[in-house]
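Peer 1: Please find one structure pasted underneath; my questions will follow.
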Amino acid sequence: MRAARSDLPLSLDDVSLIVGATTILDRVNLTIGPGAPTLILGPNGSGKTSLLRLCMGLASPSRGAVSWGGRTDGGPESRAILFQKPVMLRRSAAANVAYGLAQAGCPRGLRARRTEELLDRVGLLALALRPARRLSGGEQQRLALARALARQPEILLLDEPTASLDPAATRFVEEIVRAAAHSGTKIVMASHDLGQVRRLAGEVVFLVRGRVVEHASASDFLDRPSTPQAAAFVRGDLVL
Amino acid sequence: MSETVSAWQLIASGDATLFAIVRLSLAVSLTAVAIAMVVGLPLGAILALTRFPGRSAVVVILNGFMGLPPVVVGLTVYLLLSRSGPLGELGLLFTPTAMVIAQALLVLPIIAALTRQTVEDLWHEYREELTAMGVGPTGQVATLLWDSRFSLVTALLAGFGRAAAEVGTVMIVGGNIDGFTRTMTTAIALETSKGNLPLAMGLGLILIVLILLINATAWGVRAWSEQRAG
């Protein structure tokens with residue numbers, strides 16, 4: 001259930017993440033407010049996943065601070081994350097969603113109906129009783145979305161949810177994400193797909209080797225990139 | 001081969017003594033496994049999820065205790081329950097209850113150690129997802145135990161196999177009293193030493209068939225429910 005206190009804006013204040021001798025994120029300053037989806041764009045290994053984990057509160061920064069609505073101790077009540085390879089509980093599709101509902105504090109009596117609604121929303125109602133781990137990749141991704149949406153998150157973090165999906169499955173997932181954004185959920189999504197930026201993004205955070213190189217509205221980023229790396233990325237050159 | 005033939009005749013005749021022994025053996029071993037399960041499953045899961053100084057030593061000891069010699073467990077329980085022992089007041093020595101206690105202690109490390117391994121493997125997979133969902137420690141234990149239920153059946157079967165097959169503890173704490181604490185294994189040992197090979201052989205056959213039956217049932221239930229729940 002949605003917490004009374006807002007988790008937005010989500011702020012990273014001079015955040016670095018250093019593991020061993022590797023600097024994964026380097027002095028990131030970022031404020032994400034409500035509104036259209038924010039896409040975290042960047043090549044593999046640029047720190048997108050680590051950034052999302054920090055935003056979820058699953059990892060702590062080596063330096064700097066992450067805050068949610070001004071609080072640094074925010075529990076995960078009003079946030080949800082969709083991992084690149086979501087874990088399917090060894091239960092039916094419906095039981096996976098019901099589990100998410102139970103964790104979000106949904107009263108027992110409402111769970112069956114809410115589960116049905118959520119499965120319907122992601123187009124999996126017909127597969128409700130199928131073991132979750134027997135679903136296809138795209139279906140698993142949609143089921144994980146339903147389970148994340150069960151939390152009625154204020155912020156939904158997604159880590160390249162369509163990276164291994166075909167165009168049809170990608171469109172299906174993007175439709176669900178767009179609908180969630182329309183109903184007021186703040187979407188923060190990692191991607192390395194420019195097409196996805198055109199289709200979904202309100203604003204873009206462009207990350208290269210752990211640094212925020214550009215933070216701009218999607219149209220500015222696509223039409224008038226202000227850094228050579230962003231320009232190269234938009235042109236379709238390989239940014240390493 | 002004549003022993004085998006007489007053994008089958010004995011089984012076919014429905015000998016009352018024989019079946020009383022079989023019934024007691026099953027009751028003792030199944031109860032012991034049930035008790036070890038109630039303690040061992042949560043214990044193994046908690047050990048899988050917690051980190052504390054000396055944890056590695058606990059894990060090594062637990063794994064090592066899977067191979068506890070039954071006679072040593074029997075002797076320990078004997079000392080505890082004997083008239084002059086700390087629990088002597090209870091008067092449990094040479095009763096089926098004492099046999100259940102001893103077998104439960106024998107089986108507990110097997111169930112707890114195998115549960116620890118299974119749950120820890122699953123925890124590596126589930127950790128981030130459960131943390132992100134805000135699942136508390138109790139919920140984590142329950143979720144991991146439930147989601148590894150199919151693998152845990154094997155741990156329970158290993159425990160049952162151990163309990164049903166051992167002689168050492170039930171002989172020492174039960175005393176092999178005819179009609180009261182005589183189990184299949186102690187009867188086999190006794191009848192063999194008396195030279196009554198048909199009865200020993202018959203009991204041996206029944207024991208093997210029962211263990212196979214219980215394993216086959218568990219296998220079937222597991223396959224069926226895995227088909228339905230993944």
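Identifiers in this document derive from the order of the structure tokens: chains are assigned A, B, ..., residues are numbered from 1 separately in each chain, and ligands are numbered from 1 in order of occurrence.
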Using only C-alpha atoms, select each residue of chain B with any atom at most 7 Å away from an atom of chain A, and give the selection as a PyMOL selection string.
Peer 2: chain B and resi 126+129+132-135+147+228-230
Peer 1: Going by DSSP on the backbone, which bits of stretch 37-178 of chain A are alpha helix (DSSP H)? Write them as a ChimeraX atom specification, please.
Peer 2: /A:48-56,93-103,108-121,137-149,167-178
Peer 1: How would the residues just chosen look if you wrote them out with C-alpha atoms as a PDB file, in the first residue's frame?
Peer 2:
```
ATOM      1  CA  LYS A  48      23.007   1.369 -14.736  1.00  0.00           C
ATOM      2  CA  THR A  49      22.193  -1.674 -12.605  1.00  0.00           C
ATOM      3  CA  SER A  50      24.238  -0.369  -9.663  1.00  0.00           C
ATOM      4  CA  LEU A  51      22.483   2.975  -9.921  1.00  0.00           C
ATOM      5  CA  LEU A  52      19.068   1.280  -9.766  1.00  0.00           C
ATOM      6  CA  ARG A  53      20.123  -0.863  -6.797  1.00  0.00           C
ATOM      7  CA  LEU A  54      21.187   2.291  -4.953  1.00  0.00           C
ATOM      8  CA  CYS A  55      17.875   3.940  -5.863  1.00  0.00           C
ATOM      9  CA  MET A  56      16.021   0.912  -4.461  1.00  0.00           C
ATOM     10  CA  ALA A  93       1.721 -17.345 -11.664  1.00  0.00           C
ATOM     11  CA  ALA A  94      -1.222 -16.325  -9.484  1.00  0.00           C
ATOM     12  CA  ALA A  95       0.627 -17.312  -6.295  1.00  0.00           C
ATOM     13  CA  ASN A  96       3.573 -15.126  -7.338  1.00  0.00           C
ATOM     14  CA  VAL A  97       1.294 -12.095  -7.599  1.00  0.00           C
ATOM     15  CA  ALA A  98      -0.536 -12.994  -4.378  1.00  0.00           C
ATOM     16  CA  TYR A  99       2.844 -13.181  -2.636  1.00  0.00           C
ATOM     17  CA  GLY A 100       3.667  -9.648  -3.788  1.00  0.00           C
ATOM     18  CA  LEU A 101       0.262  -8.465  -2.569  1.00  0.00           C
ATOM     19  CA  ALA A 102       0.745 -10.104   0.826  1.00  0.00           C
ATOM     20  CA  GLN A 103       4.157  -8.468   1.222  1.00  0.00           C
ATOM     21  CA  ARG A 108      -6.182 -11.452   2.746  1.00  0.00           C
ATOM     22  CA  GLY A 109      -9.789 -11.049   1.664  1.00  0.00           C
ATOM     23  CA  LEU A 110      -8.891  -8.736  -1.219  1.00  0.00           C
ATOM     24  CA  ARG A 111      -5.968 -10.732  -2.585  1.00  0.00           C
ATOM     25  CA  ALA A 112      -7.838 -13.076  -4.905  1.00  0.00           C
ATOM     26  CA  ARG A 113      -9.616 -10.235  -6.681  1.00  0.00           C
ATOM     27  CA  ARG A 114      -6.513  -8.020  -6.848  1.00  0.00           C
ATOM     28  CA  THR A 115      -4.457 -10.953  -8.185  1.00  0.00           C
ATOM     29  CA  GLU A 116      -6.996 -11.432 -10.937  1.00  0.00           C
ATOM     30  CA  GLU A 117      -6.947  -7.726 -11.805  1.00  0.00           C
ATOM     31  CA  LEU A 118      -3.162  -7.602 -11.935  1.00  0.00           C
ATOM     32  CA  LEU A 119      -2.860 -10.761 -14.044  1.00  0.00           C
ATOM     33  CA  ASP A 120      -5.452  -9.332 -16.394  1.00  0.00           C
ATOM     34  CA  ARG A 121      -3.521  -6.081 -16.605  1.00  0.00           C
ATOM     35  CA  GLY A 137      10.791 -15.170 -20.974  1.00  0.00           C
ATOM     36  CA  GLY A 138       8.321 -12.486 -21.979  1.00  0.00           C
ATOM     37  CA  GLU A 139       5.572 -13.933 -19.812  1.00  0.00           C
ATOM     38  CA  GLN A 140       7.927 -14.122 -16.820  1.00  0.00           C
ATOM     39  CA  GLN A 141       8.851 -10.485 -17.329  1.00  0.00           C
ATOM     40  CA  ARG A 142       5.162  -9.519 -17.398  1.00  0.00           C
ATOM     41  CA  LEU A 143       4.435 -11.625 -14.334  1.00  0.00           C
ATOM     42  CA  ALA A 144       7.287  -9.899 -12.497  1.00  0.00           C
ATOM     43  CA  LEU A 145       5.750  -6.577 -13.549  1.00  0.00           C
ATOM     44  CA  ALA A 146       2.397  -7.627 -12.113  1.00  0.00           C
ATOM     45  CA  ARG A 147       4.133  -8.633  -8.880  1.00  0.00           C
ATOM     46  CA  ALA A 148       5.959  -5.289  -8.740  1.00  0.00           C
ATOM     47  CA  LEU A 149       2.762  -3.348  -9.483  1.00  0.00           C
ATOM     48  CA  PRO A 167       9.689  -7.001 -30.517  1.00  0.00           C
ATOM     49  CA  ALA A 168       6.198  -8.342 -29.775  1.00  0.00           C
ATOM     50  CA  ALA A 169       7.051  -9.118 -26.150  1.00  0.00           C
ATOM     51  CA  THR A 170       8.887  -5.798 -25.850  1.00  0.00           C
ATOM     52  CA  ARG A 171       5.845  -3.886 -27.051  1.00  0.00           C
ATOM     53  CA  PHE A 172       3.658  -5.749 -24.553  1.00  0.00           C
ATOM     54  CA  VAL A 173       5.975  -4.850 -21.660  1.00  0.00           C
ATOM     55  CA  GLU A 174       6.284  -1.221 -22.812  1.00  0.00           C
ATOM     56  CA  GLU A 175       2.492  -0.919 -22.973  1.00  0.00           C
ATOM     57  CA  ILE A 176       2.213  -2.044 -19.350  1.00  0.00           C
ATOM     58  CA  VAL A 177       4.961   0.363 -18.304  1.00  0.00           C
ATOM     59  CA  ARG A 178       3.312   3.223 -20.178  1.00  0.00           C
TER      60      ARG A 178
END
```
Peer 1: As an mmCIF file with N, CA and C atoms, in the first residue's frame, please: the residues near B:Glu166 (cut-off 9 Å, only C-alpha atoms, same-chain neighbours under 3 positions excluded).
Peer 2:
```cif
data_model
loop_
_atom_site.group_PDB
_atom_site.id
_atom_site.type_symbol
_atom_site.label_atom_id
_atom_site.label_comp_id
_atom_site.auth_asym_id
_atom_site.auth_seq_id
_atom_site.Cartn_x
_atom_site.Cartn_y
_atom_site.Cartn_z
ATOM 1 N N PRO B 70 25.462 -44.577 15.349
ATOM 2 C CA PRO B 70 24.244 -44.829 16.128
ATOM 3 C C PRO B 70 24.539 -45.338 17.539
ATOM 4 N N GLN B 103 16.470 -41.902 18.021
ATOM 5 C CA GLN B 103 16.481 -41.825 16.552
ATOM 6 C C GLN B 103 16.304 -40.392 16.062
ATOM 7 N N GLY B 161 15.484 -43.145 5.977
ATOM 8 C CA GLY B 161 16.307 -44.303 5.629
ATOM 9 C C GLY B 161 17.293 -44.619 6.747
ATOM 10 N N ARG B 162 17.900 -43.568 7.263
ATOM 11 C CA ARG B 162 18.855 -43.728 8.354
ATOM 12 C C ARG B 162 18.182 -44.337 9.589
ATOM 13 N N ALA B 163 17.008 -43.778 9.952
ATOM 14 C CA ALA B 163 16.322 -44.236 11.164
ATOM 15 C C ALA B 163 15.846 -45.680 11.024
ATOM 16 N N THR B 169 21.146 -47.566 18.096
ATOM 17 C CA THR B 169 20.480 -46.794 19.143
ATOM 18 C C THR B 169 19.289 -47.555 19.721
ATOM 19 N N VAL B 170 18.480 -48.167 18.831
ATOM 20 C CA VAL B 170 17.276 -48.826 19.353
ATOM 21 C C VAL B 170 17.653 -50.042 20.206
ATOM 22 N N THR B 185 15.113 -54.248 12.898
ATOM 23 C CA THR B 185 16.570 -54.405 12.846
ATOM 24 C C THR B 185 17.098 -55.174 14.056
ATOM 25 N N THR B 186 16.562 -54.863 15.244
ATOM 26 C CA THR B 186 17.066 -55.596 16.417
ATOM 27 C C THR B 186 16.632 -57.055 16.343
#
```
Peer 1: Residues at most 10 Å from B:Ala158, counting only C-alpha atoms, excluding those fewer than 6 positions away in the same chain, as a VMD selection string?
Peer 2: chain B and resid 33 107 110 to 111 114 152 215
Peer 1: When you count only C-alpha atoms, which of these residues is closest to A:Asp7: A:Thr162, A:Ser46, A:Ser60, A:Thr185?
Peer 2: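 That would be A:Thr185, the residue with the smallest distance to A:Asp7.
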